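What follows is upload31.pdb (PDB, C-alpha atoms).
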ATOM      1  CA  MET Z 152      85.772 153.047 181.710  1.00  0.00           C
ATOM      2  CA  THR Z 153      88.948 153.281 183.727  1.00  0.00           C
ATOM      3  CA  ARG Z 154      92.472 153.744 182.425  1.00  0.00           C
ATOM      4  CA  VAL Z 155      95.324 151.683 183.835  1.00  0.00           C
ATOM      5  CA  ARG Z 156      98.986 152.268 183.079  1.00  0.00           C
ATOM      6  CA  PHE Z 157     101.291 149.248 183.338  1.00  0.00           C
ATOM      7  CA  VAL Z 158     105.008 149.965 183.704  1.00  0.00           C
ATOM      8  CA  SER Z 159     107.660 147.302 183.122  1.00  0.00           C
ATOM      9  CA  ALA Z 160     109.950 146.297 185.978  1.00  0.00           C
ATOM     10  CA  ASP Z 161     112.847 148.216 184.430  1.00  0.00           C
ATOM     11  CA  GLY Z 162     110.699 151.316 183.860  1.00  0.00           C
ATOM     12  CA  GLU Z 163     111.580 151.286 180.169  1.00  0.00           C
ATOM     13  CA  ARG Z 164     108.149 150.390 178.801  1.00  0.00           C
ATOM     14  CA  ALA Z 165     104.646 151.501 179.653  1.00  0.00           C
ATOM     15  CA  GLN Z 166     101.306 150.418 178.304  1.00  0.00           C
ATOM     16  CA  GLU Z 167      98.016 152.189 178.935  1.00  0.00           C
ATOM     17  CA  VAL Z 168      94.760 150.266 178.609  1.00  0.00           C
ATOM     18  CA  GLU Z 169      91.095 150.935 179.242  1.00  0.00           C
ATOM     19  CA  ALA Z 170      88.962 148.627 181.330  1.00  0.00           C
ATOM     20  CA  ALA Z 171      85.409 148.539 182.580  1.00  0.00           C
ATOM     21  CA  ALA Z 172      84.639 149.383 186.182  1.00  0.00           C
ATOM     22  CA  GLY Z 173      84.311 146.203 188.209  1.00  0.00           C
ATOM     23  CA  GLU Z 174      86.996 144.272 186.323  1.00  0.00           C
ATOM     24  CA  ARG Z 175      89.828 142.732 188.308  1.00  0.00           C
ATOM     25  CA  LEU Z 176      93.224 144.251 187.682  1.00  0.00           C
ATOM     26  CA  LEU Z 177      94.652 140.743 187.200  1.00  0.00           C
ATOM     27  CA  ASP Z 178      92.282 140.010 184.303  1.00  0.00           C
ATOM     28  CA  VAL Z 179      92.996 143.370 182.662  1.00  0.00           C
ATOM     29  CA  ALA Z 180      96.752 142.864 183.009  1.00  0.00           C
ATOM     30  CA  GLN Z 181      96.645 139.376 181.524  1.00  0.00           C
ATOM     31  CA  ALA Z 182      94.456 140.512 178.625  1.00  0.00           C
ATOM     32  CA  ALA Z 183      97.029 143.252 177.945  1.00  0.00           C
ATOM     33  CA  GLY Z 184      99.865 140.713 177.852  1.00  0.00           C
ATOM     34  CA  GLN Z 185     101.468 141.775 181.123  1.00  0.00           C
ATOM     35  CA  PRO Z 186     103.721 139.193 182.856  1.00  0.00           C
ATOM     36  CA  LEU Z 187     101.382 138.220 185.677  1.00  0.00           C
ATOM     37  CA  GLU Z 188     100.784 134.528 186.194  1.00  0.00           C
ATOM     38  CA  GLY Z 189      97.790 134.515 188.496  1.00  0.00           C
ATOM     39  CA  THR Z 190      98.432 130.814 189.064  1.00  0.00           C
ATOM     40  CA  CYS Z 191      95.487 130.437 191.438  1.00  0.00           C
ATOM     41  CA  GLU Z 192      93.197 132.259 188.985  1.00  0.00           C
ATOM     42  CA  GLY Z 193      92.388 135.002 191.443  1.00  0.00           C
ATOM     43  CA  GLN Z 194      91.455 132.791 194.394  1.00  0.00           C
ATOM     44  CA  MET Z 195      94.070 134.496 196.595  1.00  0.00           C
ATOM     45  CA  ALA Z 196      95.999 131.268 197.155  1.00  0.00           C
ATOM     46  CA  CYS Z 197      99.348 132.428 195.731  1.00  0.00           C
ATOM     47  CA  SER Z 198     101.278 135.642 195.188  1.00  0.00           C
ATOM     48  CA  THR Z 199     101.982 135.369 191.447  1.00  0.00           C
ATOM     49  CA  CYS Z 200      99.929 138.462 190.594  1.00  0.00           C
ATOM     50  CA  HIS Z 201     101.975 140.785 192.815  1.00  0.00           C
ATOM     51  CA  VAL Z 202     102.181 144.350 191.472  1.00  0.00           C
ATOM     52  CA  ILE Z 203     103.574 147.583 192.846  1.00  0.00           C
ATOM     53  CA  VAL Z 204     101.071 150.419 192.835  1.00  0.00           C
ATOM     54  CA  ALA Z 205     102.372 153.944 192.227  1.00  0.00           C
ATOM     55  CA  ALA Z 206     102.806 155.753 195.539  1.00  0.00           C
ATOM     56  CA  GLU Z 207     100.426 158.526 194.469  1.00  0.00           C
ATOM     57  CA  ASP Z 208      97.702 155.959 193.682  1.00  0.00           C
ATOM     58  CA  PHE Z 209      98.158 153.577 196.598  1.00  0.00           C
ATOM     59  CA  GLY Z 210      95.975 155.573 199.013  1.00  0.00           C
ATOM     60  CA  ARG Z 211      93.010 155.335 196.625  1.00  0.00           C
ATOM     61  CA  LEU Z 212      92.869 151.558 197.024  1.00  0.00           C
ATOM     62  CA  PRO Z 213      90.777 149.862 199.678  1.00  0.00           C
ATOM     63  CA  PRO Z 214      93.001 148.418 202.403  1.00  0.00           C
ATOM     64  CA  ALA Z 215      94.461 144.949 201.877  1.00  0.00           C
ATOM     65  CA  SER Z 216      92.943 142.134 203.896  1.00  0.00           C
ATOM     66  CA  GLU Z 217      95.055 140.265 206.430  1.00  0.00           C
ATOM     67  CA  GLU Z 218      95.035 137.253 204.081  1.00  0.00           C
ATOM     68  CA  GLU Z 219      96.382 139.380 201.208  1.00  0.00           C
ATOM     69  CA  GLU Z 220      99.085 140.821 203.475  1.00  0.00           C
ATOM     70  CA  ASP Z 221     100.128 137.280 204.463  1.00  0.00           C
ATOM     71  CA  LEU Z 222     100.440 136.246 200.803  1.00  0.00           C
ATOM     72  CA  LEU Z 223     102.443 139.357 199.973  1.00  0.00           C
ATOM     73  CA  ASP Z 224     104.958 138.200 202.588  1.00  0.00           C
ATOM     74  CA  LEU Z 225     105.701 135.311 200.194  1.00  0.00           C
ATOM     75  CA  ALA Z 226     106.177 137.455 197.080  1.00  0.00           C
ATOM     76  CA  ALA Z 227     109.565 138.535 195.737  1.00  0.00           C
ATOM     77  CA  GLY Z 228     110.406 142.227 195.588  1.00  0.00           C
ATOM     78  CA  VAL Z 229     107.610 143.401 197.880  1.00  0.00           C
ATOM     79  CA  THR Z 230     107.452 147.100 198.750  1.00  0.00           C
ATOM     80  CA  ARG Z 231     105.157 149.096 200.985  1.00  0.00           C
ATOM     81  CA  HIS Z 232     103.034 149.780 197.879  1.00  0.00           C
ATOM     82  CA  SER Z 233     102.656 146.129 196.875  1.00  0.00           C
ATOM     83  CA  ARG Z 234      99.275 144.532 196.275  1.00  0.00           C
ATOM     84  CA  LEU Z 235      97.844 141.431 194.623  1.00  0.00           C
ATOM     85  CA  ALA Z 236      96.248 142.329 191.293  1.00  0.00           C
ATOM     86  CA  CYS Z 237      93.508 139.748 191.863  1.00  0.00           C
ATOM     87  CA  GLN Z 238      92.296 141.790 194.836  1.00  0.00           C
ATOM     88  CA  ILE Z 239      91.977 145.124 193.035  1.00  0.00           C
ATOM     89  CA  ARG Z 240      88.593 145.809 191.443  1.00  0.00           C
ATOM     90  CA  LEU Z 241      88.744 148.759 189.093  1.00  0.00           C
ATOM     91  CA  SER Z 242      86.387 151.677 189.642  1.00  0.00           C
ATOM     92  CA  GLU Z 243      86.030 155.308 188.655  1.00  0.00           C
ATOM     93  CA  ALA Z 244      87.882 156.158 191.876  1.00  0.00           C
ATOM     94  CA  LEU Z 245      90.908 154.350 190.433  1.00  0.00           C
ATOM     95  CA  GLU Z 246      90.962 156.236 187.125  1.00  0.00           C
ATOM     96  CA  LYS Z 247      94.526 156.533 185.790  1.00  0.00           C
ATOM     97  CA  LEU Z 248      95.894 153.862 188.120  1.00  0.00           C
ATOM     98  CA  THR Z 249      99.586 153.166 187.539  1.00  0.00           C
ATOM     99  CA  VAL Z 250     101.127 149.830 188.489  1.00  0.00           C
ATOM    100  CA  ARG Z 251     104.633 148.471 187.983  1.00  0.00           C
ATOM    101  CA  MET Z 252     105.609 144.871 187.473  1.00  0.00           C
ATOM    102  CA  PRO Z 253     108.028 143.746 190.204  1.00  0.00           C
ATOM    103  CA  GLY Z 254     111.555 142.956 189.092  1.00  0.00           C
ATOM    104  CA  ALA Z 255     111.264 139.312 190.080  1.00  0.00           C
ATOM    105  CA  SER Z 256     108.120 138.700 188.042  1.00  0.00           C
ATOM    106  CA  HIS Z 257     108.144 136.178 185.267  1.00  0.00           C
ATOM    107  CA  ASN Z 258     105.360 134.464 183.398  1.00  0.00           C
ATOM    108  CA  MET Z 259     105.362 130.695 183.769  1.00  0.00           C
ATOM    109  CA  GLN Z 260     102.403 130.394 181.384  1.00  0.00           C
ATOM    110  CA  GLY Z 261     104.445 131.659 178.421  1.00  0.00           C
ATOM    111  CA  ARG Z 262     102.071 134.411 177.363  1.00  0.00           C
TER     112      ARG Z 262
END
Same coordinates, now as structure tokens:
Amino acid sequence: MTRVRFVSADGERAQEVEAAAGERLLDVAQAAGQPLEGTCEGQMACSTCHVIVAAEDFGRLPPASEEEEDLLDLAAGVTRHSRLACQIRLSEALEKLTVRMPGASHNMQGR
């Protein structure tokens, strides 16, 4: 099991959840009620699952593909620590991963 800490865009709220290794961060976030749309259902055809990874955790992630980088160019509020949650597979190496919802995120699915 891996622990993930989700922080709200305003930094006021945090939620810690456990997830199995191999799960996609997008699926874990949605199951936890986080405001990530994932409109393309993880097919990397949109940027609606944009998250900001804590600076201290960012280096533990595998590098983003060129395709992911291109999609991040379309996302609002991108930082140098931005990633698409659909492209992050959880593992023991990512234990205690902290991600923040970007300020421009909103959930069009009404969850």
Here CA of Ser159 in chain Z and CA of Met252 in chain Z stand apart by 5.4 Å
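Straight-line separation from CA of Ala226 in chain Z to CA of Thr153 in chain Z: 26.9 Å.
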I need the output of the PyMOL selection byres ((chain Z and resi 250) around 9) for this file as JSON, numbers by chain; which residues are they? {"Z": [155, 156, 157, 158, 159, 202, 203, 204, 205, 208, 248, 249, 251, 252]}
Output of the PyMOL selection byres ((chain Z and resi 231) around 12), listed as a PyMOL selection string: chain Z and resi 202-206+209-210+215+220+223-224+228-230+232-234
Skipping near chain neighbours, those fewer than 3 positions away, what residues fall within 9 Å of Ala170 in chain Z using all atoms listed in the file, listed as a ChimeraX atom specification? /Z:152-155,173-174,176,179,241
Expected file: the selected residues, C-alpha atoms, as a CSV table (one decimal), in the frame of the given file:
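Written out: selection_39.csv:
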chain,number,residue,atom,x,y,z
Z,152,MET,CA,85.8,153.0,181.7
Z,153,THR,CA,88.9,153.3,183.7
Z,154,ARG,CA,92.5,153.7,182.4
Z,155,VAL,CA,95.3,151.7,183.8
Z,173,GLY,CA,84.3,146.2,188.2
Z,174,GLU,CA,87.0,144.3,186.3
Z,176,LEU,CA,93.2,144.3,187.7
Z,179,VAL,CA,93.0,143.4,182.7
Z,241,LEU,CA,88.7,148.8,189.1
Quiz item: Which one is closest to Leu177 in chain Z: Z:Ala227, Z:Ala236, Z:Cys197, Z:Glu219? Count only C-alpha atoms.
Solution: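 Of the candidates, the smallest distance to Leu177 in chain Z is held by Z:Ala236.
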Taken to one decimal, the CA of Ala182 in chain Z-CA of His201 in chain Z distance is 16.1 Å
With the input short on atoms, add N, CA and C atoms back to range 239-256 of chain Z and write it as a compact mmCIF listing (two decimals), keeping the file's coordinate frame.
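New file out_33.txt:
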# COMPACT_ATOMS: atom_id res chain seq x y z
N ILE Z 239 92.30 143.73 193.39
CA ILE Z 239 91.98 145.12 193.04
C ILE Z 239 90.87 145.12 191.99
N ARG Z 240 89.71 145.62 192.37
CA ARG Z 240 88.59 145.81 191.44
C ARG Z 240 88.65 147.26 190.96
N LEU Z 241 88.65 147.42 189.66
CA LEU Z 241 88.74 148.76 189.09
C LEU Z 241 87.43 149.51 189.28
N SER Z 242 87.55 150.80 189.46
CA SER Z 242 86.39 151.68 189.64
C SER Z 242 86.75 153.07 189.14
N GLU Z 243 85.76 153.93 189.06
CA GLU Z 243 86.03 155.31 188.66
C GLU Z 243 87.00 155.98 189.62
N ALA Z 244 86.97 155.59 190.88
CA ALA Z 244 87.88 156.16 191.88
C ALA Z 244 89.33 155.80 191.58
N LEU Z 245 89.55 154.77 190.76
CA LEU Z 245 90.91 154.35 190.43
C LEU Z 245 91.32 154.76 189.03
N GLU Z 246 90.62 155.73 188.46
CA GLU Z 246 90.96 156.24 187.12
C GLU Z 246 92.43 156.64 187.09
N LYS Z 247 93.11 156.24 186.02
CA LYS Z 247 94.53 156.53 185.79
C LYS Z 247 95.42 155.86 186.83
N LEU Z 248 95.08 154.65 187.20
CA LEU Z 248 95.89 153.86 188.12
C LEU Z 248 97.18 153.44 187.41
N THR Z 249 98.31 153.60 188.09
CA THR Z 249 99.59 153.17 187.54
C THR Z 249 100.15 152.06 188.42
N VAL Z 250 100.52 150.94 187.77
CA VAL Z 250 101.13 149.83 188.49
C VAL Z 250 102.40 149.41 187.76
N ARG Z 251 103.36 148.93 188.54
CA ARG Z 251 104.63 148.47 187.98
C ARG Z 251 104.77 146.98 188.26
N MET Z 252 105.32 146.28 187.29
CA MET Z 252 105.61 144.87 187.47
C MET Z 252 106.84 144.77 188.37
N PRO Z 253 106.84 143.89 189.36
CA PRO Z 253 108.03 143.75 190.20
C PRO Z 253 109.18 143.13 189.42
N GLY Z 254 110.39 143.44 189.80
CA GLY Z 254 111.56 142.96 189.09
C GLY Z 254 111.67 141.45 189.05
N ALA Z 255 111.14 140.76 190.03
CA ALA Z 255 111.26 139.31 190.08
C ALA Z 255 110.13 138.61 189.36
N SER Z 256 109.25 139.36 188.70
CA SER Z 256 108.12 138.70 188.04
C SER Z 256 108.57 138.00 186.78
